[in-house]
file data.txt (compact mmCIF, C-alpha atoms)
# COMPACT_ATOMS: atom_id res chain seq x y z
CA MET A 1 -10.29 -14.40 -23.36
CA ILE A 2 -12.93 -11.75 -24.13
CA PHE A 3 -13.25 -10.23 -20.66
CA ARG A 4 -10.27 -9.31 -18.53
CA GLU A 5 -9.76 -7.10 -15.54
CA VAL A 6 -9.05 -3.50 -16.47
CA GLU A 7 -5.37 -3.01 -15.76
CA ASP A 8 -3.51 0.10 -14.69
CA PRO A 9 -1.99 0.78 -18.14
CA ASP A 10 -5.53 0.75 -19.64
CA LEU A 11 -6.65 3.30 -17.07
CA ILE A 12 -3.53 5.41 -17.62
CA ALA A 13 -4.18 5.47 -21.37
CA LYS A 14 -7.79 6.58 -20.81
CA ALA A 15 -6.79 9.15 -18.19
CA ARG A 16 -4.27 10.59 -20.64
CA ARG A 17 -7.15 11.14 -23.07
CA GLY A 18 -8.96 13.12 -20.36
CA ASP A 19 -11.11 10.36 -18.86
CA VAL A 20 -11.41 11.55 -15.26
CA GLU A 21 -13.35 8.47 -14.15
CA ALA A 22 -10.50 6.25 -15.31
CA TYR A 23 -8.09 8.31 -13.24
CA ASN A 24 -10.42 8.17 -10.24
CA LEU A 25 -10.40 4.38 -10.47
CA LEU A 26 -6.61 4.44 -10.63
CA VAL A 27 -6.55 6.66 -7.54
CA SER A 28 -8.88 4.32 -5.67
CA ARG A 29 -6.50 1.43 -6.41
CA TRP A 30 -3.41 3.19 -5.11
CA GLU A 31 -4.53 5.79 -2.56
CA LYS A 32 -4.38 3.54 0.50
CA ARG A 33 -0.88 2.26 -0.29
CA VAL A 34 0.41 5.77 -0.96
CA PHE A 35 -1.30 7.13 2.15
CA ASN A 36 0.22 4.45 4.39
CA TYR A 37 3.68 4.96 2.88
CA LEU A 38 3.41 8.71 3.48
CA LEU A 39 1.94 8.26 6.95
CA ARG A 40 4.97 6.23 8.05
CA LEU A 41 7.30 8.82 6.54
CA VAL A 42 5.74 12.03 7.84
CA SER A 43 4.17 10.52 11.02
CA ASN A 44 1.06 12.67 10.88
CA ARG A 45 -2.32 11.63 9.47
CA GLU A 46 -3.41 15.04 8.24
CA ASP A 47 -0.03 15.76 6.64
CA ALA A 48 -0.10 12.32 5.01
CA MET A 49 -3.61 12.99 3.70
CA ASP A 50 -2.68 16.42 2.33
CA VAL A 51 0.48 15.09 0.69
CA SER A 52 -1.48 12.15 -0.79
CA GLN A 53 -3.85 14.61 -2.39
CA ASP A 54 -0.90 16.59 -3.80
CA VAL A 55 0.75 13.40 -5.07
CA PHE A 56 -2.29 12.30 -7.08
CA LEU A 57 -2.85 15.79 -8.43
CA LYS A 58 0.79 16.04 -9.57
CA ALA A 59 0.62 12.55 -11.01
CA TYR A 60 -2.48 13.50 -13.01
CA GLN A 61 -0.81 16.62 -14.34
CA SER A 62 2.38 14.70 -15.20
CA LEU A 63 0.75 11.61 -16.74
CA PRO A 64 1.74 12.66 -20.30
CA LYS A 65 5.39 12.55 -19.17
CA LEU A 66 5.14 8.92 -18.03
CA ASP A 67 7.00 7.09 -20.80
CA ASP A 68 6.10 3.52 -19.86
CA PRO A 69 2.70 2.95 -18.17
CA ALA A 70 4.03 -0.37 -16.79
CA ARG A 71 6.36 1.66 -14.58
CA PHE A 72 3.49 3.58 -13.00
CA PRO A 73 3.95 2.24 -9.42
CA GLY A 74 7.59 3.30 -9.14
CA TRP A 75 6.86 6.59 -10.87
CA LEU A 76 3.97 7.31 -8.46
CA PHE A 77 6.07 6.49 -5.40
CA ARG A 78 8.86 8.71 -6.71
CA ILE A 79 6.41 11.63 -6.74
CA ALA A 80 5.29 10.62 -3.23
CA HIS A 81 8.91 10.44 -2.06
CA ASN A 82 9.67 13.92 -3.43
CA GLU A 83 6.55 15.42 -1.86
CA ALA A 84 7.17 13.75 1.51
CA PHE A 85 10.79 14.86 1.75
CA SER A 86 9.85 18.34 0.64
CA LEU A 87 7.43 18.46 3.60
CA LEU A 88 9.99 16.94 5.98
CA ARG A 89 12.55 19.57 4.98
CA ARG A 90 10.04 22.34 5.63
CA LYS A 91 9.09 20.90 9.02
CA ARG A 92 12.52 19.64 10.09
CA PRO A 93 12.92 21.45 13.46
CA GLU A 94 9.42 20.41 14.52
CA ALA A 95 9.95 16.84 13.33
CA GLU A 96 13.23 16.50 15.20
CA LEU A 97 11.53 17.48 18.43
CA ALA A 98 8.66 15.07 17.81
CA GLY A 99 11.12 12.29 16.99
CA GLU A 100 12.70 12.23 20.46
CA PRO A 101 12.26 8.73 21.91
CA ARG A 102 9.96 8.57 24.90
CA PRO A 103 11.13 6.30 27.75
CA ALA A 104 7.61 4.95 28.27
CA GLU A 105 7.74 3.43 24.78
CA LEU A 106 10.87 1.41 25.58
CA ASN A 107 9.02 -0.91 27.92
CA PRO A 108 10.03 -4.43 26.77
CA ARG A 109 7.14 -6.14 28.58
CA LEU A 110 4.58 -5.49 25.92
CA LEU A 111 1.39 -7.43 25.43
CA PRO A 112 1.27 -9.38 22.13
CA ILE A 113 -1.45 -7.03 20.92
CA GLU A 114 1.04 -4.21 21.28
CA LEU A 115 3.62 -5.67 18.90
CA SER A 116 2.22 -3.49 16.15
CA LEU A 117 2.86 -0.43 18.31
CA ALA A 118 6.38 -1.67 19.05
CA VAL A 119 7.02 -1.91 15.30
CA GLU A 120 5.70 1.61 14.85
CA THR A 121 8.05 2.86 17.56
CA ALA A 122 11.04 0.96 16.17
CA LEU A 123 10.38 2.35 12.69
CA GLY A 124 10.10 5.82 14.19
CA ARG A 125 13.64 5.54 15.55
CA LEU A 126 15.18 4.94 12.13
CA SER A 127 16.46 7.85 10.07
CA PRO A 128 13.99 8.99 7.38
CA ASP A 129 16.18 7.42 4.67
CA GLN A 130 16.40 4.08 6.46
CA ARG A 131 12.69 4.07 7.28
CA GLU A 132 11.79 4.80 3.69
CA ALA A 133 13.95 1.92 2.47
CA VAL A 134 12.05 -0.45 4.80
CA LEU A 135 8.69 0.95 3.72
CA LEU A 136 9.44 0.54 0.03
CA LYS A 137 10.88 -2.97 0.36
CA VAL A 138 8.96 -4.64 3.18
CA TYR A 139 5.57 -2.96 2.90
CA GLN A 140 5.41 -2.01 -0.78
CA GLY A 141 7.41 -4.91 -2.24
CA PHE A 142 9.60 -2.96 -4.65
CA LYS A 143 12.79 -4.55 -6.01
CA PHE A 144 16.17 -2.98 -5.30
CA GLU A 145 16.38 -1.55 -8.84
CA GLU A 146 12.91 0.00 -8.58
CA MET A 147 13.79 1.50 -5.21
CA ALA A 148 16.93 3.01 -6.71
CA GLU A 149 14.78 4.70 -9.38
CA ILE A 150 12.27 5.99 -6.84
CA LEU A 151 14.98 7.34 -4.55
CA GLU A 152 17.24 8.44 -7.41
CA CYS A 153 20.32 6.81 -5.92
CA PRO A 154 22.52 3.77 -6.68
CA VAL A 155 21.36 0.27 -5.73
CA SER A 156 24.35 0.05 -3.37
CA THR A 157 22.98 3.02 -1.41
CA VAL A 158 19.54 1.43 -1.26
CA LYS A 159 21.03 -1.81 0.08
CA SER A 160 23.20 0.02 2.59
CA ARG A 161 20.22 1.96 4.01
CA LEU A 162 17.98 -1.10 4.09
CA TYR A 163 20.55 -3.44 5.61
CA THR A 164 21.47 -0.96 8.36
CA ALA A 165 17.78 -0.47 9.09
CA LEU A 166 17.21 -4.24 9.27
CA ASP A 167 20.12 -4.64 11.69
CA LEU A 168 18.65 -1.97 13.95
CA LEU A 169 15.14 -3.43 13.72
CA LYS A 170 16.47 -6.94 14.33
CA ALA A 171 18.19 -5.82 17.52
CA THR A 172 14.96 -4.23 18.80
CA LEU A 173 12.21 -6.47 17.53
CA ALA A 174 13.58 -10.02 17.33
CA PRO A 175 14.14 -10.41 21.11
CA MET A 176 10.68 -9.02 21.75
CA GLN A 177 9.06 -11.40 19.26
CA LYS A 178 11.05 -14.36 20.63
CA ALA A 179 9.85 -13.57 24.14
CA ALA A 180 6.28 -13.22 22.88
CA LEU A 181 6.52 -16.61 21.18
CA ARG A 182 7.86 -18.13 24.42
CA GLY A 183 4.85 -16.65 26.24
CA GLU A 184 6.91 -14.36 28.44
CA LEU A 185 5.16 -11.19 27.30
CA MET B 1 30.15 -26.15 6.97
CA SER B 2 31.12 -23.22 9.14
CA CYS B 3 31.32 -19.50 8.48
CA VAL B 4 34.93 -18.71 9.29
CA SER B 5 35.26 -16.12 6.56
CA PRO B 6 32.52 -13.48 6.35
CA GLU B 7 33.15 -13.21 2.60
CA SER B 8 32.06 -16.82 2.14
CA LYS B 9 28.66 -16.13 3.66
CA PRO B 10 25.73 -15.59 1.31
CA ASP B 11 23.93 -12.26 1.50
CA TRP B 12 21.24 -13.42 3.93
CA LYS B 13 19.32 -10.18 3.90
CA ALA B 14 18.99 -10.35 0.11
CA TYR B 15 18.02 -14.02 0.56
CA VAL B 16 15.12 -13.36 2.95
CA LEU B 17 14.05 -10.36 0.85
CA ARG B 18 13.95 -12.59 -2.28
CA GLU B 19 16.53 -10.51 -4.11
CA LEU B 20 19.05 -13.24 -4.93
CA GLY B 21 19.28 -14.66 -8.44
CA GLN B 22 18.36 -18.31 -9.01
CA ASP B 23 21.93 -19.64 -8.78
CA ALA B 24 22.82 -17.58 -5.73
CA HIS B 25 19.54 -18.62 -4.08
CA ARG B 26 20.32 -22.32 -4.66
CA GLN B 27 23.85 -21.92 -3.26
CA ALA B 28 22.48 -20.07 -0.24
CA GLU B 29 19.98 -22.85 0.46
CA ALA B 30 22.71 -25.48 0.22
CA HIS B 31 24.85 -23.49 2.67
CA LEU B 32 21.88 -22.98 4.99
CA ALA B 33 21.22 -26.71 5.20
CA THR B 34 24.66 -27.35 6.67
CA CYS B 35 25.46 -24.25 8.73
CA SER B 36 23.76 -23.78 12.09
CA ILE B 37 25.18 -20.27 12.55
CA CYS B 38 23.65 -19.04 9.31
CA HIS B 39 20.46 -20.95 10.04
CA GLU B 40 20.09 -18.96 13.26
CA GLU B 41 20.86 -15.70 11.46
CA VAL B 42 18.21 -16.35 8.80
CA ALA B 43 15.67 -17.37 11.44
CA THR B 44 16.24 -14.08 13.28
CA LEU B 45 15.90 -12.08 10.09
CA ARG B 46 12.66 -13.87 9.21
CA LEU B 47 11.36 -13.24 12.72
CA THR B 48 12.14 -9.55 12.29
CA LEU B 49 10.27 -9.42 8.97
CA ASP B 50 7.33 -11.31 10.53
CA THR B 51 7.24 -8.78 13.35
CA LEU B 52 7.34 -5.91 10.88
CA SER B 53 4.35 -7.44 9.11
CA THR B 54 2.25 -7.03 12.28
CA LEU B 55 2.10 -3.30 11.63
CA ARG B 56 -1.51 -2.57 10.80
CA GLU B 57 -2.41 -0.72 7.65
CA GLU B 58 -4.16 2.53 8.53
CA GLU B 59 -7.46 3.57 7.00
CA MET B 60 -7.50 6.91 5.23
CA PRO B 61 -9.35 9.70 7.07
CA ARG B 62 -11.17 10.41 3.82
CA ARG B 63 -11.02 9.34 0.20
CA ILE B 64 -9.11 11.36 -2.37
CA ALA B 65 -11.81 13.02 -4.43
CA PHE B 66 -11.16 14.44 -7.83
CA VAL B 67 -14.72 14.37 -9.08
CA SER B 68 -15.69 17.04 -6.53
CA ASP B 69 -12.92 19.32 -7.78
CA LYS B 70 -14.16 21.93 -10.26
CA VAL B 71 -11.14 21.34 -12.48
CA PHE B 72 -12.02 17.68 -12.82
CA GLU B 73 -15.79 18.06 -12.92
CA PRO B 74 -17.33 15.55 -15.35
CA ARG B 75 -19.01 16.77 -18.51
CA TRP B 76 -22.84 16.91 -18.70
CA TRP B 77 -23.12 13.64 -20.61
CA GLN B 78 -20.88 11.89 -18.07
CA ARG B 79 -23.20 13.08 -15.29
CA VAL B 80 -26.33 11.92 -17.16
CA PHE B 81 -24.94 8.58 -18.26
CA ASN B 82 -23.85 7.38 -14.84
CA PRO B 83 -24.14 3.65 -13.91
CA THR B 84 -27.50 4.12 -12.15
CA PHE B 85 -28.98 5.85 -15.18
CA ALA B 86 -27.56 3.22 -17.50
CA ALA B 87 -29.01 0.41 -15.39
CA GLY B 88 -32.42 2.09 -15.45
CA VAL B 89 -32.28 2.50 -19.23
CA LEU B 90 -31.36 -1.15 -19.67
CA VAL B 91 -34.28 -2.30 -17.53
CA ALA B 92 -36.65 0.00 -19.45
CA VAL B 93 -35.35 -1.27 -22.79
CA ALA B 94 -35.75 -4.87 -21.66
CA ILE B 95 -39.36 -4.24 -20.62
CA LEU B 96 -40.11 -2.43 -23.90
CA ILE B 97 -38.66 -5.24 -25.97
CA HIS B 98 -40.72 -7.72 -24.01
CA GLY B 99 -43.91 -5.66 -24.43
CA PHE B 100 -43.62 -4.90 -28.16
CA MET B 101 -42.28 -8.13 -29.47
CA GLY B 102 -44.45 -10.52 -27.46
CA THR B 103 -43.31 -13.89 -26.26
CA GLY B 104 -43.53 -15.57 -29.67
CA HIS B 105 -41.50 -13.02 -31.65
CA THR B 106 -38.50 -12.19 -29.55
CA SER B 107 -35.52 -13.95 -28.31
CA GLN B 108 -36.21 -14.58 -24.67
CA ASP B 109 -32.49 -15.13 -24.16
CA GLN B 110 -31.72 -11.58 -25.27
CA VAL B 111 -34.30 -10.10 -22.92
CA ASP B 112 -33.09 -12.27 -20.07
CA ALA B 113 -29.52 -11.23 -20.77
CA ALA B 114 -30.46 -7.53 -20.77
CA VAL B 115 -32.34 -7.86 -17.49
CA THR B 116 -29.56 -9.89 -15.91
CA LYS B 117 -27.04 -7.27 -16.93
CA ALA B 118 -29.17 -4.45 -15.54
CA VAL B 119 -29.77 -6.27 -12.30
CA SER B 120 -26.10 -7.09 -11.90
CA GLN B 121 -25.23 -3.42 -12.37
CA VAL B 122 -27.71 -2.38 -9.71
CA GLU B 123 -26.41 -5.11 -7.43
CA ALA B 124 -22.85 -3.92 -8.03
CA ARG B 125 -23.90 -0.43 -7.00
CA HIS B 126 -25.50 -1.81 -3.83
CA MET B 127 -22.34 -3.77 -3.09
CA GLN B 128 -20.34 -0.58 -3.47
CA GLU B 129 -22.60 1.15 -0.96
CA ILE B 130 -22.26 -1.75 1.46
CA ARG B 131 -18.48 -1.67 1.06
CA ALA B 132 -18.51 2.06 1.86
CA MET B 133 -20.49 1.29 5.02
CA TYR B 134 -17.93 -1.34 6.01
CA GLU B 135 -15.11 1.14 5.38
CA GLU B 136 -16.86 3.65 7.65
CA LEU B 137 -17.21 0.94 10.30
CA ASP B 138 -13.52 0.11 9.92
CA VAL B 139 -12.58 3.76 10.48
CA ARG B 140 -14.63 3.79 13.68
CA ASN B 141 -12.90 0.59 14.83
CA LYS B 142 -9.52 2.23 14.18
CA GLN B 143 -10.56 5.21 16.26
CA VAL B 144 -11.43 2.91 19.17
CA ALA B 145 -8.08 1.10 18.71
CA ASN B 146 -6.26 4.44 18.77
CA MET B 147 -8.03 5.39 21.99
CA TYR B 148 -6.94 2.06 23.44
CA ARG B 149 -3.36 2.63 22.26
CA ASN B 150 -3.23 6.08 23.83
CA ALA B 151 -4.57 4.66 27.07
CA VAL B 152 -1.87 1.94 27.06
CA LEU B 153 0.95 4.39 26.25
CA SER B 154 -0.09 6.72 29.04
CA ARG B 155 0.00 3.82 31.50

call {"tool": "encode", "arguments": {"input": "data.txt", "output": "structure tokens"}}
result
Amino acid sequence: MIFREVEDPDLIAKARRGDVEAYNLLVSRWEKRVFNYLLRLVSNREDAMDVSQDVFLKAYQSLPKLDDPARFPGWLFRIAHNEAFSLLRRKRPEAELAGEPRPAELNPRLLPIELSLAVETALGRLSPDQREAVLLKVYQGFKFEEMAEILECPVSTVKSRLYTALDLLKATLAPMQKAALRGEL
Amino acid sequence: MSCVSPESKPDWKAYVLRELGQDAHRQAEAHLATCSICHEEVATLRLTLDTLSTLREEEMPRRIAFVSDKVFEPRWWQRVFNPTFAAGVLVAVAILIHGFMGTGHTSQDQVDAAVTKAVSQVEARHMQEIRAMYEELDVRNKQVANMYRNAVLSR
């Protein structure tokens, strides 16, 4: 086949040689995923945007250190993870206050259109570690081994965080979804 | 089959997350076909994952721009030879070829190919502009949705 879609490793190779446009294209492919991952972690749009910018700048500066271009996604999310948790550590007291559950959000009689908001609330009640495990697995589709590399911890820790998170989410969301399916909501 | 011993149960979370190996996946499916307790457990897990998937992906407030950064400013030749300029050059070249060579001395296919390529590049640029407009529209829709959400939460 003569023509094929330009793949990430091609763009990485060009960006390493100083091709800014190639890197911009790479950014445009990944920015929304990284932004949404960070948004769910730091719970603030402006913070998520600022951290996204930092992530792509650091990634650009560190591209020569990326041994295997095929591992770019995990490598990029590892940078994002480090930047997000660095921010969370700096803002911890503020974040803890903001993380207090609000009774109004516990209303089980939600309209179907509000399921998305219920998910957002349920995710917000998880610990940052648990939430991140859900984000990486459910929304970003990483395998356990890749998650372990991103989070720099054993696979057993990844599974423990994710499984606990799923149990908590199951207890909150499954009854709500069942009721919605039965037409009670 | 029943699940008297928890150790005999497959790892259902790994199963729904597609993390089991082929053999383990086959064994889990065989178990699932005969065990109503596990069937219920898997159904609840799948329902939870389905519910999680209803979370809407947020639009970015703005794009990440490196071109605008002085450090990453493109070189003069990159600015001159942008796609619009290249498309214009291709059209001009196609017209020149057509004019100089005349219909009897040139390969019409080559000219057609050059024009088609130039047109497709211009069209691609227009599509990009239209996509940007749609993205802008999407952001506005999100803002309206957020206003609605705030109104609901303050109910």

call {"tool": "closest_residue", "arguments": {"input": "data.txt", "among": "A:Phe77, A:Tyr60, A:Tyr23, A:Phe35", "to": "A:Gly141", "atoms": "only C-alpha atoms"}}
result
A:Phe77

call {"tool": "interface_residues", "arguments": {"input": "data.txt", "of": "chain A", "to": "chain B", "cutoff": "6 Å", "atoms": "all atoms listed in the file", "output": "ChimeraX atom specification"}}
result
/A:116,119,170,174

call {"tool": "atom_distance", "arguments": {"input": "data.txt", "atom1": "atom CA of A:Leu168", "atom2": "atom CA of B:Glu40"}}
result
17.1 Å

call {"tool": "residues_near_point", "arguments": {"input": "data.txt", "point": "(15.1, 6.0, 15.0)", "cutoff": "10 Å", "atoms": "only C-alpha atoms", "output": "PDB file with C-alpha atoms, in the frame of the given file"}}
result
ATOM      1  CA  GLY A  99      11.120  12.290  16.990  1.00  0.00           C
ATOM      2  CA  GLU A 100      12.700  12.230  20.460  1.00  0.00           C
ATOM      3  CA  PRO A 101      12.260   8.730  21.910  1.00  0.00           C
ATOM      4  CA  THR A 121       8.050   2.860  17.560  1.00  0.00           C
ATOM      5  CA  ALA A 122      11.040   0.960  16.170  1.00  0.00           C
ATOM      6  CA  LEU A 123      10.380   2.350  12.690  1.00  0.00           C
ATOM      7  CA  GLY A 124      10.100   5.820  14.190  1.00  0.00           C
ATOM      8  CA  ARG A 125      13.640   5.540  15.550  1.00  0.00           C
ATOM      9  CA  LEU A 126      15.180   4.940  12.130  1.00  0.00           C
ATOM     10  CA  SER A 127      16.460   7.850  10.070  1.00  0.00           C
ATOM     11  CA  PRO A 128      13.990   8.990   7.380  1.00  0.00           C
ATOM     12  CA  GLN A 130      16.400   4.080   6.460  1.00  0.00           C
ATOM     13  CA  ARG A 131      12.690   4.070   7.280  1.00  0.00           C
ATOM     14  CA  ALA A 165      17.780  -0.470   9.090  1.00  0.00           C
ATOM     15  CA  LEU A 168      18.650  -1.970  13.950  1.00  0.00           C
ATOM     16  CA  LEU A 169      15.140  -3.430  13.720  1.00  0.00           C
TER      17      LEU A 169
END

call {"tool": "closest_residue", "arguments": {"input": "data.txt", "among": "B:Ala33, B:Met127, B:Gln143, B:Glu41", "to": "A:Asp167", "atoms": "all atoms listed in the file"}}
result
B:Glu41

call {"tool": "closest_residue", "arguments": {"input": "data.txt", "among": "A:Tyr163, A:Phe56, A:Phe85, A:Trp30", "to": "B:Val16", "atoms": "all atoms listed in the file"}}
result
A:Tyr163

call {"tool": "atom_distance", "arguments": {"input": "data.txt", "atom1": "atom CA of A:Gln140", "atom2": "atom CA of B:Asp11"}}
result
21.3 Å

call {"tool": "atom_distance", "arguments": {"input": "data.txt", "atom1": "atom CA of A:Leu135", "atom2": "atom CA of A:Met176"}}
result
20.7 Å

call {"tool": "residues_around", "arguments": {"input": "data.txt", "residues": "stretch 6-20 of chain A", "least_positions_apart": "2", "cutoff": "7 Å", "atoms": "all atoms listed in the file", "output": "PyMOL selection string"}}
result
(chain A and resi 4+22-24+26+63-64+69-70) or (chain B and resi 72)
